Amino acid sequence: MDLLSGLRSILPDDRISTGGEEIERHSGAIFTYHASRPPDAVVYPESREEVAEVLRFANERGVPVVPFGEGSSLEAHTIPIRGGISVDLGRMDGILEVRPEDFVARVQPGVTHGGLNAALAEHGLFFPVDPGWDASIGGMAGTNASGTNAVRYGAMRDQVLGLEVVLADGTVMRTGGMVMKSSAGYHLTGLFVGSEGTLGVFTEIVLRLYPVPEHILAARAVFPDIEAAGRAAGAVIQTGMQVGRVELVDARTVGAVNVLKGTDYAIAPTLFLEFSGSEAGVGHDVEAARAIAEAHGCERFEFEADEAAREKLWEARHEAGLAIRDLNPDKKPMTTDVCVPLSDLPGALRHARETIEAAGFDGAILGHVGDGNYHAVFPVDPDDATELERAEAVNGEIVDHALACGGTCTGEHGIGSGKIGSLEKEHGDSLPFMRGIKRLADPNGIMNPGKIFEE
Ligand SMILES: Cc1cc2nc3c(=O)[nH]c(=O)nc-3n(C[C@H](O)[C@H](O)[C@H](O)COP(=O)(O)OP(=O)(O)OC[C@H]3O[C@@H](n4cnc5c(N)ncnc54)[C@H](O)[C@@H]3O)c2cc1C
């Protein structure tokens, strides 16, 4: 049976695409310099049973399968580099259960973090992981995503309490549960979160929820240079105060945001901060943070007092990546994602700035610096082999610097096919173990081949 006839025996025709815009949408990625490659077919399952049948069929024939959420991952994760079937989970977007008294929700993978939070508002609860794209919960679990709230609440791995996973051969398996902790055997939930579609397809996800804080206050602290901003960020965290967000944007990023969002923020390295908790606690924390910022050369410390100004600030921060991309519409962004120990952050930021400038790139730096995680974004022409090589060398140098500090090549974006070499440098000793796990879950190598490592 050929591929199309086989898929037609599982799904109706209107849930299978083999051409046109849908093939195009599943060939590349929203925000990347990586070359695109079309899948042979895109399918839209609506249940775990359909996912299992598609996988069983593909596994018997050795056809590659690429799970697809919103396609916003940044290292070519969803590009079907060996062709095959792109399994789009977008129609499995149900919120199956919210248990407000247990702070838990059970969802299907296609619901986005924006969609989930809209549904949670009536319960006075929220889900904190907030990448700058309205990504799907399945995709966010796939990359162990984080975002601006991670400094307070952690990344996806800290929020996923349990999973329903369909393995390559169609076996359905459950990990974890509905509880806040468990010591029952190996931590398979933690293993599958961040597996980038290489071990199986998530069909249900149990998430931890949080009460919306009683009082929230946002602030902007403007610095003369990026290192001073990095030092201040580290010092704020080192006090142990319950800061909600600590985001760095450099002057280039602020300029781009002002153009995209019509804001008039000072064009200088800036920390966007958020404090939350009781009114008295927030007031105390803000004054302590202001004193720390000023001790590190902060030139201006301003509050976003009302809710509208606060929302605008975070909307501007979330869209900063798109703002930078829009400055060079003819090029594609390359984005680094290193994470370093907090005490190494100021030096790492300076190193990144100098490395980009020395190579002649017009790059911007921004990041979740409260975690030591930052991005250098520089536009490249993927059709210009020399420029691409230069950009990859800059990316490599930034990664090498982070590894020399004891950091990681990726704080939140993952490996995809773009950071395979960096993973080898970082974890060469544990790669054989990772490959062993891959072979156990997916002996025929059909699940998102060519991602995390070459087979
Ligand atoms: C403008 C912009 C800003 C961003 N900001 C951030 C940020 O602040 N923090 C951050 O962490 N990321 C950020 N990202 C990257 C991206 O949003 C995240 O990587 C996100 O987790 C991807 O979700 P997605 O739904 O788009 O998944 P996709 O890109 O569709 O998939 C991601 C990976 O998960 C796998 N996958 C998808 N669904 C499933 C499933 N059901 N079961 C198993 N595997 C699955 C895929 O095969 C793939 O390997 C940003 C991206 C953009 C474009």
# chains A, B, ... in the order shown; residues from 1 in each chain; ligands from 1
call {"tool": "residues_around", "arguments": {"residues": "A:Phe453", "least_positions_apart": "4", "cutoff": "12 Å", "atoms": "only C-alpha atoms", "output": "VMD selection string"}}
result
chain A and resid 77 195 to 196 198 414 to 425 427 to 428 431 to 432 434 to 436 438 445 448 to 449
call {"tool": "write_last_selection", "arguments": {"atoms": "C-alpha atoms", "output": "short mmCIF file (atom, residue, chain, number, x, y, z; two decimals), in the first residue's frame"}}
result
data_model
loop_
_atom_site.label_atom_id
_atom_site.label_comp_id
_atom_site.auth_asym_id
_atom_site.auth_seq_id
_atom_site.Cartn_x
_atom_site.Cartn_y
_atom_site.Cartn_z
CA HIS A 77 12.66 21.02 14.94
CA SER A 195 12.47 15.07 23.65
CA GLU A 196 11.57 17.17 20.57
CA THR A 198 12.05 12.00 18.87
CA GLY A 414 16.41 22.91 22.30
CA ILE A 415 18.73 21.18 19.84
CA GLY A 416 16.65 20.43 16.70
CA SER A 417 19.08 19.95 13.84
CA GLY A 418 20.74 23.35 14.40
CA LYS A 419 22.63 22.60 17.61
CA ILE A 420 23.65 18.95 17.13
CA GLY A 421 27.37 19.88 17.09
CA SER A 422 26.95 21.98 20.25
CA LEU A 423 25.22 19.10 22.07
CA GLU A 424 28.14 16.84 21.15
CA LYS A 425 30.53 19.36 22.71
CA HIS A 427 27.30 16.20 26.48
CA GLY A 428 29.55 13.94 24.40
CA LEU A 431 25.19 10.94 24.23
CA PRO A 432 25.60 7.12 23.99
CA MET A 434 20.68 9.19 25.08
CA ARG A 435 21.02 7.16 21.87
CA GLY A 436 20.25 3.99 23.84
CA LYS A 438 16.12 6.59 21.57
CA GLY A 445 14.17 5.52 13.97
CA ASN A 448 11.62 13.08 13.96
CA PRO A 449 14.88 11.67 12.54
#
call {"tool": "residues_around", "arguments": {"residues": "A:Ala58", "least_positions_apart": "3", "cutoff": "10 Å", "atoms": "only C-alpha atoms", "output": "VMD selection string"}}
result
chain A and resid 3 6 to 7 52 to 55 61 to 65 84 to 85 168 to 170 444 446 to 447
call {"tool": "select_by_dssp", "arguments": {"residues": "stretch 6-211 of chain A", "states": "strand (DSSP E)", "output": "ChimeraX atom specification"}}
result
/A:16-17,41-43,65-68,85-88,95-99,104-107,125-126,160-166,172-176,201-208,210-211
call {"tool": "closest_residue", "arguments": {"among": "A:Ala150, A:Leu388, A:Leu167, A:Val201", "to": "ligand 1", "atoms": "only C-alpha atoms and all ligand atoms"}}
result
A:Val201
call {"tool": "closest_residue", "arguments": {"among": "A:Asp130, A:Asp306, A:Glu122, A:Asp13", "to": "ligand 1", "atoms": "only C-alpha atoms and all ligand atoms"}}
result
A:Asp130
call {"tool": "residues_around", "arguments": {"residues": "A:Glu299", "least_positions_apart": "5", "cutoff": "12 Å", "atoms": "only C-alpha atoms", "output": "ChimeraX atom specification"}}
result
/A:220-225,228-229,266,268-271,290-291,293-294
call {"tool": "residues_around", "arguments": {"residues": "A:Pro67", "least_positions_apart": "2", "cutoff": "8 Å", "atoms": "only C-alpha atoms", "output": "list of chain:residue names"}}
result
A:Val65, A:Gly69, A:Thr78, A:Ser86, A:Val87, A:Asp88, A:Leu89, A:Gly197, A:Val201, A:Asn448
call {"tool": "residues_around", "arguments": {"residues": "A:Ile79", "least_positions_apart": "4", "cutoff": "10 Å", "atoms": "only C-alpha atoms", "output": "compact mmCIF listing (two decimals) with N, CA and C atoms, in the first residue's frame"}}
result
# COMPACT_ATOMS: atom_id res chain seq x y z
N ARG A 25 3.34 25.25 4.93
CA ARG A 25 3.37 25.63 6.35
C ARG A 25 4.13 24.59 7.20
N HIS A 26 4.11 23.35 6.76
CA HIS A 26 4.78 22.30 7.54
C HIS A 26 6.19 21.98 7.01
N SER A 27 6.67 22.81 6.07
CA SER A 27 7.99 22.56 5.46
C SER A 27 9.10 23.34 6.15
N GLY A 28 8.76 24.51 6.67
CA GLY A 28 9.79 25.38 7.23
C GLY A 28 9.44 25.75 8.64
N ALA A 29 9.90 26.92 9.07
CA ALA A 29 9.58 27.38 10.42
C ALA A 29 9.40 28.88 10.36
N HIS A 34 17.01 28.18 8.84
CA HIS A 34 17.21 26.80 8.38
C HIS A 34 16.44 26.54 7.07
N ALA A 35 17.04 25.75 6.20
CA ALA A 35 16.40 25.46 4.90
C ALA A 35 15.15 24.61 5.10
N SER A 36 14.12 24.89 4.32
CA SER A 36 12.89 24.11 4.46
C SER A 36 12.93 22.85 3.59
N ARG A 37 12.03 21.91 3.90
CA ARG A 37 11.93 20.64 3.18
C ARG A 37 10.50 20.16 3.37
N PRO A 38 9.76 19.86 2.30
CA PRO A 38 8.35 19.50 2.48
C PRO A 38 8.17 18.08 3.02
N PRO A 39 7.12 17.87 3.82
CA PRO A 39 6.74 16.50 4.18
C PRO A 39 6.04 15.88 2.97
N VAL A 66 6.94 13.47 11.97
CA VAL A 66 7.34 14.68 12.69
C VAL A 66 6.12 15.27 13.40
N PRO A 67 6.06 15.20 14.75
CA PRO A 67 4.96 15.87 15.46
C PRO A 67 5.05 17.38 15.25
N PHE A 68 3.90 18.03 15.10
CA PHE A 68 3.86 19.46 14.79
C PHE A 68 2.81 20.14 15.66
N GLY A 71 4.67 25.11 15.08
CA GLY A 71 5.81 25.32 14.17
C GLY A 71 6.64 26.54 14.50
N SER A 73 9.17 26.57 16.83
CA SER A 73 10.48 26.24 17.39
C SER A 73 11.57 26.77 16.47
N GLU A 75 15.05 25.77 15.97
CA GLU A 75 16.22 25.05 15.46
C GLU A 75 15.82 23.95 14.48
N GLY A 83 11.71 13.98 4.92
CA GLY A 83 10.36 13.78 4.36
C GLY A 83 9.47 13.04 5.34
N SER A 86 4.03 14.76 8.51
CA SER A 86 3.96 15.77 9.56
C SER A 86 2.63 15.57 10.27
N GLY A 416 17.11 20.55 18.09
CA GLY A 416 16.65 20.43 16.70
C GLY A 416 17.75 19.83 15.85
N SER A 417 17.91 20.37 14.62
CA SER A 417 19.08 19.95 13.84
C SER A 417 20.16 21.03 13.89
N ASN A 448 10.87 11.84 14.23
CA ASN A 448 11.62 13.08 13.96
C ASN A 448 13.12 12.83 13.74
N GLY A 450 16.99 12.84 12.62
CA GLY A 450 17.93 13.94 12.32
C GLY A 450 17.82 15.09 13.30
N LYS A 451 17.08 14.89 14.41
CA LYS A 451 16.97 15.93 15.44
C LYS A 451 17.62 15.41 16.73
call {"tool": "closest_residue", "arguments": {"among": "A:Ala289, A:Val212, A:Ala352, A:Ile30", "to": "ligand 1", "atoms": "only C-alpha atoms and all ligand atoms"}}
result
A:Ile30
